[in-house]
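Below: the structure, in structure tokens.
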Amino acid sequence: MSPDVSARLINFGAGPGKLPEVVLVEAQGALLNVNNSGVGILEMSHRSAPFDAIQQDAKNRIKSLIGFPDDKFEVLFMQGGGTLQFSAIPMNLLRKDSDSADYIITGNWSRQAFKEAKRLGYNVNAVEMVRRSDDGILSVMDLKDVKAAICPTARYIYYCDNETVDGIEFPSSSFLQDNLGLHSSTVFVSDMSSNFLSRPINLSKFSLIFATAQKNIGPAGVTVVIIRKDLFVESPKEELPLMLDYRVAVKNDSVYNTPPVFSIYVTGLVVKWIEAQFGTLESVDAFSKQKSNLIYQTIDGSNGLLVNTIPTIFRSRMNVIMQVKESGSEEALLQEAKQNGMIQLKGHRSVGGIRCSLYNAVTMEEARAFQSLLEKFLADLSS
Ligand SMILES: Cc1ncc(COP(=O)(O)O)c(C=O)c1O
């Protein structure tokens, strides 16, 4: 029985998020016969030539879209989601007896990463960059104070480029590198799970980037890791589980064990779609700014009925969050959205409110539809 595609709802989910329909249709066919190989993608050996071609294609497309400055960087496909990277990063990069690392905390996910490194017994320091006052107003610490809080001998500085839960995004992917005034050899590690491939990345400013796929670039099950290979020249870490060891992943070209073949395949299709749809990451950026601005304009013009206190330059293009001032109205808004075919707008359970995620596959028309719904809702509230 073929699915009723016209009955698809408008999906503003924060992850797994919406994927482009053309990709889903192609993936549907690939379940039976991928790339005319005579075998479905779920049945194909991960050591076969056709799968190797699929994986290399996905990797090369990511490289060419970002523009790799040299062959010092590698793209890995790993498992365990973003959360396993919270463990893998300190376990690969830090020695417990002598090293420390700084975590710049801007919201839920950078805090989770910090907590995991600490739980594992590493010497990590939290730099609280975002503060919330008693009346809920957010303020972002001055960069000179961030710099002062950073330990000059930290092995790496960790940050989350886009905080999915809190709706906070750095103004550009290398904002800290460009503005903190630290030495150019400083090791920066960035979680780009929820804004990967939505704007340009100047890779020469990074040592490690990771992105769990299910937000902007594919299905759950694969995490893209981009690493500078010379980070790992030091002595081998025998205690590190093989599946967490970046050197094992590099040496085995991400197929030390059976990789998530379907997720890698679909991720490759999404990257191909981004190339065809937008051409460059600059265009994706312009598109996502336009989409999110529609919603922010409505919030700012709502006479305080919709509230987002994030300083403008740190407002996320990917996850627009808001509180509705009138008590009980959030549920009414969610209901109205549902009646109009719009789903997954409820804020994360830890912060409540409304969250509208505008990943790459969400169209301008869909963003406009939510904006119109908000405008109507506001008009009804004030009448
Ligand atoms: C920014 C960010 N980092 C990490 C994670 C954790 O990813 P996973 O659920 O794949 O472990 C998420 C999940 O929502 C996220 O949004």
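By order of appearance in the structure tokens: chains A, B, ..., then residues from 1 within every chain, and ligands from 1 in the order shown.
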Problem - Residue contacts of range 248-260 of chain A (7 Å, only C-alpha atoms) excluding same-chain residues fewer than 6 positions away, as number ranges by chain - result: A: 46, 76-78, 221-222, 242
Exercise for the section: Write out as number ranges by chain each polymer residue whose atoms come within 8 Å of Lys229 in chain A, counting only C-alpha atoms; drop sequence neighbours fewer than 2 positions from it. Expected result: A: 72-74, 227, 231-232
Around ligand 1, at most 7 Å away and counting only C-alpha atoms and all ligand atoms, which residues are there? Put them as a PDB file with all heavy atoms, in the first residue's frame, please.
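Okay, this is what ended up in pocket-v2.pdb:
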ATOM      1  N   GLY A  15      13.953  17.247  16.434  1.00  0.00           N
ATOM      2  CA  GLY A  15      14.830  16.121  16.111  1.00  0.00           C
ATOM      3  C   GLY A  15      14.340  14.850  16.752  1.00  0.00           C
ATOM      4  O   GLY A  15      14.126  14.861  17.956  1.00  0.00           O
ATOM      5  N   GLY A  80      26.159   6.078  18.340  1.00  0.00           N
ATOM      6  CA  GLY A  80      25.978   6.496  19.739  1.00  0.00           C
ATOM      7  C   GLY A  80      25.458   7.917  19.882  1.00  0.00           C
ATOM      8  O   GLY A  80      25.354   8.435  20.997  1.00  0.00           O
ATOM      9  N   GLY A  81      25.123   8.568  18.774  1.00  0.00           N
ATOM     10  CA  GLY A  81      24.523   9.899  18.831  1.00  0.00           C
ATOM     11  C   GLY A  81      25.481  10.974  19.336  1.00  0.00           C
ATOM     12  O   GLY A  81      26.665  10.715  19.586  1.00  0.00           O
ATOM     13  N   GLY A  82      24.917  12.168  19.505  1.00  0.00           N
ATOM     14  CA  GLY A  82      25.719  13.259  20.047  1.00  0.00           C
ATOM     15  C   GLY A  82      26.189  12.913  21.461  1.00  0.00           C
ATOM     16  O   GLY A  82      27.293  13.257  21.879  1.00  0.00           O
ATOM     17  N   THR A  83      25.332  12.182  22.171  1.00  0.00           N
ATOM     18  CA  THR A  83      25.616  11.913  23.577  1.00  0.00           C
ATOM     19  C   THR A  83      26.902  11.100  23.762  1.00  0.00           C
ATOM     20  O   THR A  83      27.659  11.338  24.704  1.00  0.00           O
ATOM     21  CB  THR A  83      24.404  11.181  24.207  1.00  0.00           C
ATOM     22  OG1 THR A  83      23.247  11.987  23.962  1.00  0.00           O
ATOM     23  CG2 THR A  83      24.574  11.007  25.701  1.00  0.00           C
ATOM     24  N   LEU A  84      27.169  10.165  22.860  1.00  0.00           N
ATOM     25  CA  LEU A  84      28.402   9.386  23.027  1.00  0.00           C
ATOM     26  C   LEU A  84      29.644  10.249  22.745  1.00  0.00           C
ATOM     27  O   LEU A  84      30.719   9.993  23.286  1.00  0.00           O
ATOM     28  CB  LEU A  84      28.404   8.125  22.153  1.00  0.00           C
ATOM     29  CG  LEU A  84      29.353   7.032  22.658  1.00  0.00           C
ATOM     30  CD1 LEU A  84      28.994   6.583  24.072  1.00  0.00           C
ATOM     31  CD2 LEU A  84      29.375   5.845  21.718  1.00  0.00           C
ATOM     32  N   TRP A 109      22.687  21.525  26.162  1.00  0.00           N
ATOM     33  CA  TRP A 109      23.565  20.497  25.580  1.00  0.00           C
ATOM     34  C   TRP A 109      25.029  20.690  25.922  1.00  0.00           C
ATOM     35  O   TRP A 109      25.769  19.711  26.095  1.00  0.00           O
ATOM     36  CB  TRP A 109      23.325  20.373  24.076  1.00  0.00           C
ATOM     37  CG  TRP A 109      21.980  19.750  23.809  1.00  0.00           C
ATOM     38  CD1 TRP A 109      20.881  20.361  23.269  1.00  0.00           C
ATOM     39  CD2 TRP A 109      21.565  18.408  24.136  1.00  0.00           C
ATOM     40  NE1 TRP A 109      19.820  19.487  23.237  1.00  0.00           N
ATOM     41  CE2 TRP A 109      20.202  18.285  23.748  1.00  0.00           C
ATOM     42  CE3 TRP A 109      22.196  17.298  24.713  1.00  0.00           C
ATOM     43  CZ2 TRP A 109      19.479  17.107  23.919  1.00  0.00           C
ATOM     44  CZ3 TRP A 109      21.468  16.129  24.879  1.00  0.00           C
ATOM     45  CH2 TRP A 109      20.141  16.035  24.485  1.00  0.00           C
ATOM     46  N   CYS A 160      28.836  24.579  22.220  1.00  0.00           N
ATOM     47  CA  CYS A 160      27.742  24.066  21.391  1.00  0.00           C
ATOM     48  C   CYS A 160      27.286  25.228  20.510  1.00  0.00           C
ATOM     49  O   CYS A 160      26.832  26.256  21.010  1.00  0.00           O
ATOM     50  CB  CYS A 160      26.597  23.576  22.282  1.00  0.00           C
ATOM     51  SG  CYS A 160      25.172  23.013  21.344  1.00  0.00           S
ATOM     52  N   ASN A 162      24.825  25.628  18.424  1.00  0.00           N
ATOM     53  CA  ASN A 162      23.395  25.952  18.481  1.00  0.00           C
ATOM     54  C   ASN A 162      22.742  25.112  19.574  1.00  0.00           C
ATOM     55  O   ASN A 162      22.720  23.880  19.488  1.00  0.00           O
ATOM     56  CB  ASN A 162      22.717  25.646  17.136  1.00  0.00           C
ATOM     57  CG  ASN A 162      21.239  25.995  17.155  1.00  0.00           C
ATOM     58  OD1 ASN A 162      20.859  27.156  17.282  1.00  0.00           O
ATOM     59  ND2 ASN A 162      20.383  24.991  17.064  1.00  0.00           N
ATOM     60  N   GLU A 163      22.242  25.794  20.588  1.00  0.00           N
ATOM     61  CA  GLU A 163      21.599  25.098  21.702  1.00  0.00           C
ATOM     62  C   GLU A 163      20.147  24.827  21.333  1.00  0.00           C
ATOM     63  O   GLU A 163      19.288  25.722  21.416  1.00  0.00           O
ATOM     64  CB  GLU A 163      21.703  25.933  22.986  1.00  0.00           C
ATOM     65  CG  GLU A 163      23.092  25.932  23.603  1.00  0.00           C
ATOM     66  CD  GLU A 163      23.409  24.625  24.365  1.00  0.00           C
ATOM     67  OE1 GLU A 163      22.577  23.702  24.367  1.00  0.00           O
ATOM     68  OE2 GLU A 163      24.502  24.563  24.948  1.00  0.00           O
ATOM     69  N   THR A 164      19.861  23.592  21.002  1.00  0.00           N
ATOM     70  CA  THR A 164      18.566  23.168  20.480  1.00  0.00           C
ATOM     71  C   THR A 164      17.413  23.413  21.454  1.00  0.00           C
ATOM     72  O   THR A 164      16.304  23.757  21.044  1.00  0.00           O
ATOM     73  CB  THR A 164      18.628  21.649  20.164  1.00  0.00           C
ATOM     74  OG1 THR A 164      19.923  21.341  19.674  1.00  0.00           O
ATOM     75  CG2 THR A 164      17.586  21.227  19.184  1.00  0.00           C
ATOM     76  N   VAL A 165      17.675  23.215  22.736  1.00  0.00           N
ATOM     77  CA  VAL A 165      16.617  23.349  23.747  1.00  0.00           C
ATOM     78  C   VAL A 165      16.347  24.819  24.060  1.00  0.00           C
ATOM     79  O   VAL A 165      15.210  25.255  24.204  1.00  0.00           O
ATOM     80  CB  VAL A 165      17.025  22.615  25.050  1.00  0.00           C
ATOM     81  CG1 VAL A 165      16.073  22.917  26.188  1.00  0.00           C
ATOM     82  CG2 VAL A 165      17.114  21.107  24.798  1.00  0.00           C
ATOM     83  N   ASP A 191      30.027  21.294  19.116  1.00  0.00           N
ATOM     84  CA  ASP A 191      28.843  20.475  18.867  1.00  0.00           C
ATOM     85  C   ASP A 191      27.955  21.262  17.899  1.00  0.00           C
ATOM     86  O   ASP A 191      27.399  22.304  18.243  1.00  0.00           O
ATOM     87  CB  ASP A 191      28.103  20.236  20.200  1.00  0.00           C
ATOM     88  CG  ASP A 191      26.777  19.489  20.023  1.00  0.00           C
ATOM     89  OD1 ASP A 191      26.402  19.199  18.878  1.00  0.00           O
ATOM     90  OD2 ASP A 191      26.135  19.194  21.055  1.00  0.00           O
ATOM     91  N   MET A 192      27.853  20.771  16.661  1.00  0.00           N
ATOM     92  CA  MET A 192      26.995  21.437  15.666  1.00  0.00           C
ATOM     93  C   MET A 192      25.788  20.576  15.306  1.00  0.00           C
ATOM     94  O   MET A 192      25.284  20.624  14.176  1.00  0.00           O
ATOM     95  CB  MET A 192      27.803  21.754  14.400  1.00  0.00           C
ATOM     96  CG  MET A 192      28.879  22.782  14.612  1.00  0.00           C
ATOM     97  SD  MET A 192      29.514  23.389  13.054  1.00  0.00           S
ATOM     98  CE  MET A 192      30.895  24.354  13.649  1.00  0.00           C
ATOM     99  N   SER A 193      25.349  19.773  16.280  1.00  0.00           N
ATOM    100  CA  SER A 193      24.286  18.809  15.980  1.00  0.00           C
ATOM    101  C   SER A 193      23.058  19.448  15.333  1.00  0.00           C
ATOM    102  O   SER A 193      22.480  18.883  14.423  1.00  0.00           O
ATOM    103  CB  SER A 193      23.855  18.091  17.258  1.00  0.00           C
ATOM    104  OG  SER A 193      24.897  17.269  17.705  1.00  0.00           O
ATOM    105  N   SER A 194      22.653  20.614  15.834  1.00  0.00           N
ATOM    106  CA  SER A 194      21.387  21.122  15.319  1.00  0.00           C
ATOM    107  C   SER A 194      21.537  22.274  14.328  1.00  0.00           C
ATOM    108  O   SER A 194      20.522  22.864  13.940  1.00  0.00           O
ATOM    109  CB  SER A 194      20.462  21.515  16.484  1.00  0.00           C
ATOM    110  OG  SER A 194      21.143  22.281  17.428  1.00  0.00           O
ATOM    111  N   THR A 212      25.154  15.076  15.409  1.00  0.00           N
ATOM    112  CA  THR A 212      24.263  13.934  15.316  1.00  0.00           C
ATOM    113  C   THR A 212      23.279  14.251  14.184  1.00  0.00           C
ATOM    114  O   THR A 212      22.843  15.382  14.029  1.00  0.00           O
ATOM    115  CB  THR A 212      23.578  13.685  16.683  1.00  0.00           C
ATOM    116  OG1 THR A 212      22.868  12.464  16.636  1.00  0.00           O
ATOM    117  CG2 THR A 212      22.634  14.793  17.089  1.00  0.00           C
ATOM    118  N   ALA A 220      18.377   9.440  12.555  1.00  0.00           N
ATOM    119  CA  ALA A 220      19.129   9.082  13.758  1.00  0.00           C
ATOM    120  C   ALA A 220      19.970   7.843  13.459  1.00  0.00           C
ATOM    121  O   ALA A 220      19.641   7.056  12.568  1.00  0.00           O
ATOM    122  CB  ALA A 220      18.158   8.796  14.898  1.00  0.00           C
TER     123      ALA A 220
END
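Here the question is which of A:Asp102, A:Glu26, A:Asp145, A:Glu275 gets nearest to Gly40 in chain A using only C-alpha atoms, and that residue is A:Glu26.
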Name all residues at most 10 Å from Phe68 in chain A (count only C-alpha atoms; drop same-chain ones fewer than 6 positions away) and give them as a compact mmCIF listing (two decimals) with N, CA and C atoms, in the first residue's frame.
# COMPACT_ATOMS: atom_id res chain seq x y z
N ASN A 60 32.52 12.70 0.61
CA ASN A 60 33.08 13.70 -0.31
C ASN A 60 32.15 14.89 -0.50
N ILE A 62 30.12 16.08 1.78
CA ILE A 62 30.25 16.91 2.99
C ILE A 62 31.52 17.75 2.86
N GLU A 74 39.50 14.82 8.59
CA GLU A 74 38.82 13.62 8.13
C GLU A 74 37.35 13.68 8.55
N ILE A 201 31.31 26.99 7.40
CA ILE A 201 32.20 26.62 8.51
C ILE A 201 33.62 26.86 8.02
N ASN A 202 34.35 27.69 8.74
CA ASN A 202 35.76 27.89 8.40
C ASN A 202 36.57 26.83 9.16
N LEU A 203 36.77 25.72 8.50
CA LEU A 203 37.30 24.54 9.18
C LEU A 203 38.68 24.76 9.80
N SER A 204 39.43 25.68 9.22
CA SER A 204 40.79 25.88 9.74
C SER A 204 40.77 26.40 11.19
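Proximity to Gly29 in chain A at 12 Å, evaluated using only C-alpha atoms and with sequence-adjacent residues fewer than 6 positions away removed, yields A:Ser2, A:Val22, A:Val23, A:Asn35, A:Asn36, A:Ser37, A:Gly38, A:Val39, A:Gly40, A:Ile41, A:Leu42, A:Val266.
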How would the residues just chosen look if you wrote them out with N, CA and C atoms as a short mmCIF file (atom, residue, chain, number, x, y, z; two decimals), in the first residue's frame?
data_model
loop_
_atom_site.label_atom_id
_atom_site.label_comp_id
_atom_site.auth_asym_id
_atom_site.auth_seq_id
_atom_site.Cartn_x
_atom_site.Cartn_y
_atom_site.Cartn_z
N SER A 2 0.69 2.14 -0.98
CA SER A 2 1.57 3.31 -0.97
C SER A 2 1.01 4.38 -0.03
N VAL A 22 11.82 14.63 -1.45
CA VAL A 22 12.48 13.92 -2.57
C VAL A 22 13.47 12.89 -2.05
N VAL A 23 14.11 13.21 -0.92
CA VAL A 23 15.06 12.27 -0.31
C VAL A 23 14.31 11.04 0.20
N ASN A 35 20.69 2.18 -6.00
CA ASN A 35 21.58 2.52 -7.11
C ASN A 35 21.70 1.40 -8.15
N ASN A 36 20.60 0.76 -8.44
CA ASN A 36 20.58 -0.35 -9.42
C ASN A 36 21.57 -1.45 -9.13
N SER A 37 21.84 -1.68 -7.87
CA SER A 37 22.78 -2.74 -7.50
C SER A 37 22.09 -4.10 -7.45
N GLY A 38 20.76 -4.09 -7.46
CA GLY A 38 20.02 -5.34 -7.34
C GLY A 38 19.78 -5.74 -5.88
N VAL A 39 20.23 -4.90 -4.95
CA VAL A 39 20.09 -5.21 -3.52
C VAL A 39 19.53 -3.98 -2.82
N GLY A 40 18.70 -4.19 -1.80
CA GLY A 40 18.19 -3.07 -1.01
C GLY A 40 19.26 -2.56 -0.05
N ILE A 41 19.18 -1.28 0.28
CA ILE A 41 20.21 -0.68 1.15
C ILE A 41 20.30 -1.37 2.51
N LEU A 42 19.18 -1.92 2.99
CA LEU A 42 19.22 -2.57 4.31
C LEU A 42 19.79 -3.98 4.25
N VAL A 266 21.13 7.81 3.69
CA VAL A 266 20.17 8.93 3.63
C VAL A 266 20.89 10.26 3.87
#
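The gap separating CA of Gly167 in chain A from CA of Phe114 in chain A is 18.7 Å, in Å to one decimal.
With only C-alpha atoms as the basis for measurement, A:Ala361 is the residue among A:Ala361, A:Leu94, A:Ala53, A:Val127 that approaches Pro20 in chain A most closely.
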Exercise for the section: Taking the DSSP assignment computed from this structure's backbone, write out as an NGL selection string all residues of range 320-381 of chain A that belong to strand (DSSP E). Expected result: :A and (320-324 or 342-343 or 354-357)
Handout entry: Option closest in space to Ala369 in chain A, from A:Ala211, A:Leu244, A:Ile10, A:Leu182 [counting only C-alpha atoms]
Key = A:Ile10
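One distance worth recording is that between CA of Pro219 in chain A and CA of Lys291 in chain A, which is 22.7 Å.
For the residues A:Val307, A:Ala113, A:Ile105, A:Ala7, ranking by smallest atom-to-atom distance to Arg131 in chain A using only C-alpha atoms places A:Ile105 first.
One distance worth recording is that between CA of Thr186 in chain A and CA of Asp230 in chain A, which is 13.6 Å.
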Problem - Test item: residues at most 10 Å from Met342 in chain A, only C-alpha atoms, excluding those fewer than 2 positions along its chain, as a PyMOL selection string - result: chain A and resi 8-13+334-340+344-345+366+369-370+373
Those same residues - all heavy atoms - I'd like them written as a short mmCIF file (atom, residue, chain, number, x, y, z; two decimals), in the first residue's frame.
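Now in out_21.cif:
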data_model
loop_
_atom_site.label_atom_id
_atom_site.label_comp_id
_atom_site.auth_asym_id
_atom_site.auth_seq_id
_atom_site.Cartn_x
_atom_site.Cartn_y
_atom_site.Cartn_z
N ARG A 8 0.84 14.35 4.64
CA ARG A 8 1.96 14.69 5.53
C ARG A 8 1.70 16.03 6.22
O ARG A 8 1.27 16.99 5.61
CB ARG A 8 3.27 14.77 4.72
CG ARG A 8 3.88 13.39 4.48
CD ARG A 8 5.02 13.46 3.49
NE ARG A 8 6.15 14.29 3.93
CZ ARG A 8 7.09 13.91 4.80
NH1 ARG A 8 7.04 12.71 5.35
NH2 ARG A 8 8.08 14.72 5.09
N LEU A 9 2.02 16.05 7.53
CA LEU A 9 1.79 17.27 8.31
C LEU A 9 2.99 18.20 8.22
O LEU A 9 4.06 17.80 7.76
CB LEU A 9 1.52 16.87 9.77
CG LEU A 9 0.32 15.94 9.96
CD1 LEU A 9 0.29 15.37 11.37
CD2 LEU A 9 -0.99 16.68 9.66
N ILE A 10 2.81 19.42 8.68
CA ILE A 10 3.94 20.36 8.72
C ILE A 10 4.70 20.08 10.01
O ILE A 10 4.17 20.27 11.11
CB ILE A 10 3.47 21.83 8.65
CG1 ILE A 10 2.64 22.04 7.37
CG2 ILE A 10 4.65 22.77 8.69
CD1 ILE A 10 2.17 23.47 7.16
N ASN A 11 5.93 19.64 9.86
CA ASN A 11 6.68 19.10 11.00
C ASN A 11 7.76 20.09 11.45
O ASN A 11 8.75 20.29 10.77
CB ASN A 11 7.31 17.77 10.56
CG ASN A 11 8.02 17.07 11.69
OD1 ASN A 11 8.16 17.61 12.78
ND2 ASN A 11 8.48 15.86 11.42
N PHE A 12 7.51 20.69 12.62
CA PHE A 12 8.50 21.63 13.18
C PHE A 12 9.31 20.95 14.30
O PHE A 12 9.77 21.62 15.22
CB PHE A 12 7.79 22.87 13.73
CG PHE A 12 7.14 23.73 12.66
CD1 PHE A 12 5.76 23.86 12.59
CD2 PHE A 12 7.92 24.41 11.72
CE1 PHE A 12 5.15 24.66 11.62
CE2 PHE A 12 7.32 25.20 10.74
CZ PHE A 12 5.94 25.33 10.69
N GLY A 13 9.46 19.65 14.22
CA GLY A 13 10.14 18.90 15.27
C GLY A 13 11.61 19.26 15.41
O GLY A 13 12.29 19.56 14.42
N LEU A 334 -0.99 25.35 20.78
CA LEU A 334 -0.58 24.03 20.26
C LEU A 334 -1.77 23.31 19.63
O LEU A 334 -1.64 22.66 18.59
CB LEU A 334 0.02 23.17 21.39
CG LEU A 334 1.38 23.65 21.93
CD1 LEU A 334 1.78 22.86 23.17
CD2 LEU A 334 2.46 23.51 20.85
N GLN A 335 -2.92 23.46 20.26
CA GLN A 335 -4.14 22.83 19.72
C GLN A 335 -4.51 23.42 18.37
O GLN A 335 -4.83 22.70 17.42
CB GLN A 335 -5.32 23.03 20.69
CG GLN A 335 -5.36 22.07 21.86
CD GLN A 335 -5.22 20.61 21.42
OE1 GLN A 335 -5.75 20.19 20.40
NE2 GLN A 335 -4.44 19.84 22.17
N GLU A 336 -4.42 24.75 18.30
CA GLU A 336 -4.77 25.42 17.05
C GLU A 336 -3.81 25.00 15.94
O GLU A 336 -4.20 24.78 14.80
CB GLU A 336 -4.71 26.94 17.27
CG GLU A 336 -5.76 27.65 16.46
CD GLU A 336 -5.95 29.07 16.94
OE1 GLU A 336 -6.18 29.25 18.17
OE2 GLU A 336 -5.85 29.99 16.11
N ALA A 337 -2.53 24.89 16.32
CA ALA A 337 -1.52 24.46 15.34
C ALA A 337 -1.87 23.06 14.84
O ALA A 337 -1.86 22.79 13.63
CB ALA A 337 -0.13 24.48 15.99
N LYS A 338 -2.21 22.20 15.78
CA LYS A 338 -2.53 20.82 15.41
C LYS A 338 -3.72 20.77 14.44
O LYS A 338 -3.69 20.05 13.45
CB LYS A 338 -2.84 20.03 16.69
CG LYS A 338 -2.74 18.55 16.52
CD LYS A 338 -2.81 17.86 17.86
CE LYS A 338 -3.12 16.39 17.64
NZ LYS A 338 -3.62 15.76 18.84
N GLN A 339 -4.72 21.59 14.76
CA GLN A 339 -5.90 21.61 13.87
C GLN A 339 -5.54 22.09 12.47
O GLN A 339 -6.21 21.78 11.50
CB GLN A 339 -6.98 22.53 14.45
CG GLN A 339 -7.82 21.83 15.50
CD GLN A 339 -8.45 22.83 16.46
OE1 GLN A 339 -8.55 24.02 16.15
NE2 GLN A 339 -8.84 22.35 17.63
N ASN A 340 -4.45 22.86 12.38
CA ASN A 340 -4.02 23.36 11.08
C ASN A 340 -2.87 22.52 10.50
O ASN A 340 -2.13 22.99 9.64
CB ASN A 340 -3.59 24.83 11.20
CG ASN A 340 -4.80 25.74 11.32
OD1 ASN A 340 -5.39 26.11 10.33
ND2 ASN A 340 -5.19 26.04 12.55
N GLN A 344 4.67 19.11 16.53
CA GLN A 344 5.97 19.12 17.23
C GLN A 344 6.42 20.54 17.57
O GLN A 344 7.59 20.89 17.37
CB GLN A 344 7.04 18.40 16.40
CG GLN A 344 6.70 16.92 16.16
CD GLN A 344 7.93 16.03 16.22
OE1 GLN A 344 8.52 15.89 17.28
NE2 GLN A 344 8.31 15.45 15.11
N LEU A 345 5.49 21.33 18.09
CA LEU A 345 5.82 22.71 18.43
C LEU A 345 5.98 22.92 19.94
O LEU A 345 6.26 24.03 20.38
CB LEU A 345 4.72 23.65 17.90
CG LEU A 345 4.80 23.92 16.38
CD1 LEU A 345 3.46 24.37 15.84
CD2 LEU A 345 5.88 24.97 16.09
N GLU A 366 6.09 26.85 4.81
CA GLU A 366 5.73 26.26 6.10
C GLU A 366 6.00 27.26 7.24
O GLU A 366 5.21 27.39 8.17
CB GLU A 366 6.48 24.95 6.30
CG GLU A 366 5.98 23.86 5.37
CD GLU A 366 6.79 22.57 5.39
OE1 GLU A 366 8.01 22.62 5.63
OE2 GLU A 366 6.20 21.51 5.13
N ALA A 369 3.32 29.74 7.14
CA ALA A 369 2.06 29.19 7.67
C ALA A 369 2.05 29.32 9.19
O ALA A 369 1.03 29.69 9.79
CB ALA A 369 1.90 27.74 7.24
N PHE A 370 3.19 29.05 9.82
CA PHE A 370 3.23 29.17 11.29
C PHE A 370 3.13 30.64 11.70
O PHE A 370 2.46 30.99 12.67
CB PHE A 370 4.49 28.51 11.85
CG PHE A 370 4.56 28.57 13.36
CD1 PHE A 370 3.53 28.04 14.14
CD2 PHE A 370 5.63 29.16 14.01
CE1 PHE A 370 3.56 28.11 15.53
CE2 PHE A 370 5.68 29.23 15.41
CZ PHE A 370 4.64 28.70 16.16
N LEU A 373 -0.40 31.64 11.53
CA LEU A 373 -1.13 31.06 12.67
C LEU A 373 -0.90 31.90 13.93
O LEU A 373 -1.82 32.21 14.68
CB LEU A 373 -0.68 29.62 12.90
CG LEU A 373 -1.41 28.91 14.01
CD1 LEU A 373 -2.46 27.96 13.43
CD2 LEU A 373 -0.47 28.14 14.91
#
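Closest approach to Gln56 in chain A among A:Gln290, A:Thr153, A:Thr267, A:Thr309 is made by A:Thr267 (distances from only C-alpha atoms).
Residues in contact with Asn108 in chain A at 8 Å, where only C-alpha atoms are counted and same-chain residues fewer than 2 positions away are skipped, are listed as Thr106, Ser110, Arg111, Gln112, Glu163, Val165 and Asp166 of chain A.
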Problem - Shell of 8 Å around Gln323 in chain A, only C-alpha atoms, local chain residues under 4 positions omitted, as a ChimeraX atom specification - result: /A:306-308,330,352-354
Exercise for the section: Using only C-alpha atoms, pick whichever of A:Val261, A:Leu294, A:Val130, A:Met364 has the shortest atom-to-atom distance to Leu31 in chain A. Expected result: A:Val261
Handout entry: Which of range 95-249 of chain A fall in alpha helix (DSSP H), as JSON, numbers by chain
Key = {"A": [108, 109, 110, 111, 112, 113, 114, 115, 116, 117, 118, 119, 143, 144, 145, 146, 147, 148, 149, 175, 176, 177, 178, 179, 246, 247, 248, 249]}
